[in-house]
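Scroll down for the structure; my scribbles are underneath it.
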Amino acid sequence: AGGRARAGGQARGVGGMTMYMGTTAVQKNRNYDDIIKGSVGRSDSSSRSGDSNIRLGPSSKGGWGGGGTGGPGWSNAPARAKSFGTDRAGSLQKKATSELKASPNAFALIAEETDDVLSVTNASANMTLEESQGPSVVTLERDVCEQRTKSIFLEFVNTRDASEVQASLSEISEQNRKEFVEFMIMLAYEARESERQIAAEVVALGESVISKESYAYSFGVMIEDLDSSELDFPKATETLALLTGRCLSAGCFDLSGDMGWVKESLSVVQSKKLAAKFVVLTLANMRDAGDASADSTIQRCRTAYGATGVDARALAVESGWSEGFEELVKDRNIAPLLEGN
């Protein structure tokens with residue numbers, strides 16, 4: 001019930017990864033920006049290295065997903081039996097885990113060339129001018145945006161150049177920036193622990209380019225999908241909390257405005273234990289991303305918590321997880337962040 005659903009009703013295979021987009025329109029007036037459709041006769045490339053004719057994908061046919069032919073929308077978590085081309089038994093997780101263990105770098109899978117991967121070329125880009133944002137900004141098809149996201153991430157892993165991430169994001173439309181955030185969260189779900197930290201850094205680097213509304217929208221979508229994500233990926237709740245906390249610390253969300261979207265998104269999550277765990281871990285990660293001992297940092301965490309209108313302890317009580325909740329709060333020294341709310 002409720003929640004945000006992605007527009008469009010088709011499944012697209014991208015480098016072996018099949019994404020299902022729901023047929024329900026985005027609810028509560030959270031529609032993507034209107035786009036003036038047209039064709040642009042250029043490839044998804046730039047003068048910067050790593051952006052032209054990039055071949056990305058898993059190391060074998062089918063890769064992470066593959067084989068899927070349809071499925072309901074992302075935000076309808078109780079009904080969805082498939083996500084990114086895998087069933088809830090975790091075939092994606094098993095496939096990814098086995099390949100990652102064999103790789104010195106979890107994201108080597110993304111960069112390996114195979115005969116069947118998608119190349120970002122002039123023929124596949126299908127870009128449209130975003131008239132309201134100027135002629136230099138383009139809107140990529142969703143599958144191409146996924147490939148662009150992987151390219152941006154890989155380039156940052158290799159160069160640690162924050163300006164390149166921001167420059168790449170400035171070239172795509174706000175719709176694509178929303179999708180970039182979602183795709184980066186999915187990459188983090190599939191990553192090793194050390195690489196999740198890098199993914200969190202990349203997402204937060206968009207703060208100067210991506211609007212606060214877009215951050216809220218995309219994180220809201222992923223929060224609503226927490227039940228199924230937790231089934232499909234190990235430590236999905238901890239990972240999403242890591243990225244959310246890092247983005248809160250970086251100023252990606254408007255703490256002085258309406259943070260009610262967090263409570264609204266959490267209301268869709270069936271497991272109140274996961275919801276409570278996500279909230280307190282997000283606060284801990286927000287604190288740890290800054291000067292953890294500074295009074296100003298602790299106060300910002302309290303402000304963020306209060307702005308959401310969420311009562312994490314009440315969620316834990318509702319789920320019968322009170323004892324575990326208090327242990328987590330004690331272990332991570334989260335109690336000071338909950339004071340005054």
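The way I read the labels, and the way they are meant: chains A, B, ... in the order of the structure tokens, residue 1 as the first residue of every chain, and ligand 1 as the first ligand shown, with later ones counted on from there.
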Q: Considering only C-alpha atoms, return as a count of residues only whatever protein or nucleic-acid residues lie within 12 Å of Gly306 of chain A, sequence-local ones (same chain, fewer than 6 positions apart) excluded.
A: 18
Q.
I'd like the contact shell of Glu146 of chain A - 9 Å cut-off, only C-alpha atoms, skipping same-chain residues fewer than 6 positions apart - returned as an NGL selection string.
A. :A and (14 or 179-180 or 183-184)
May I have a table of the residues of segment 206-289 of chain A lying at most 12 Å from segment 155-171 of chain A, giving each one's closest pair of atoms and their distance in Å to one decimal, counting only C-alpha atoms, ordered by chain and ascending residue number, as CSV?
residue,atom,partner,partner_atom,distance
A:Gly206,CA,A:Gln166,CA,6.0
A:Glu207,CA,A:Gln166,CA,8.7
A:Ser208,CA,A:Gln166,CA,7.5
A:Val209,CA,A:Ser170,CA,6.2
A:Ile210,CA,A:Leu169,CA,7.8
A:Ser211,CA,A:Ser170,CA,11.3
Q. What is the atom CA of Leu328 of chain A-atom CA of Leu281 of chain A distance in Å, reported with one decimal?
A.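 Separating atom CA of Leu328 of chain A from atom CA of Leu281 of chain A is a distance of 8.7 Å.
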Q | Selected residue of minimal separation from Asp291 of chain A among A:Val317, A:Ser218, A:Glu195, A:Ser249, counting only C-alpha atoms | A |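 Checking each of A:Val317, A:Ser218, A:Glu195, A:Ser249 against Asp291 of chain A, counting only C-alpha atoms, the winner is A:Ser249.
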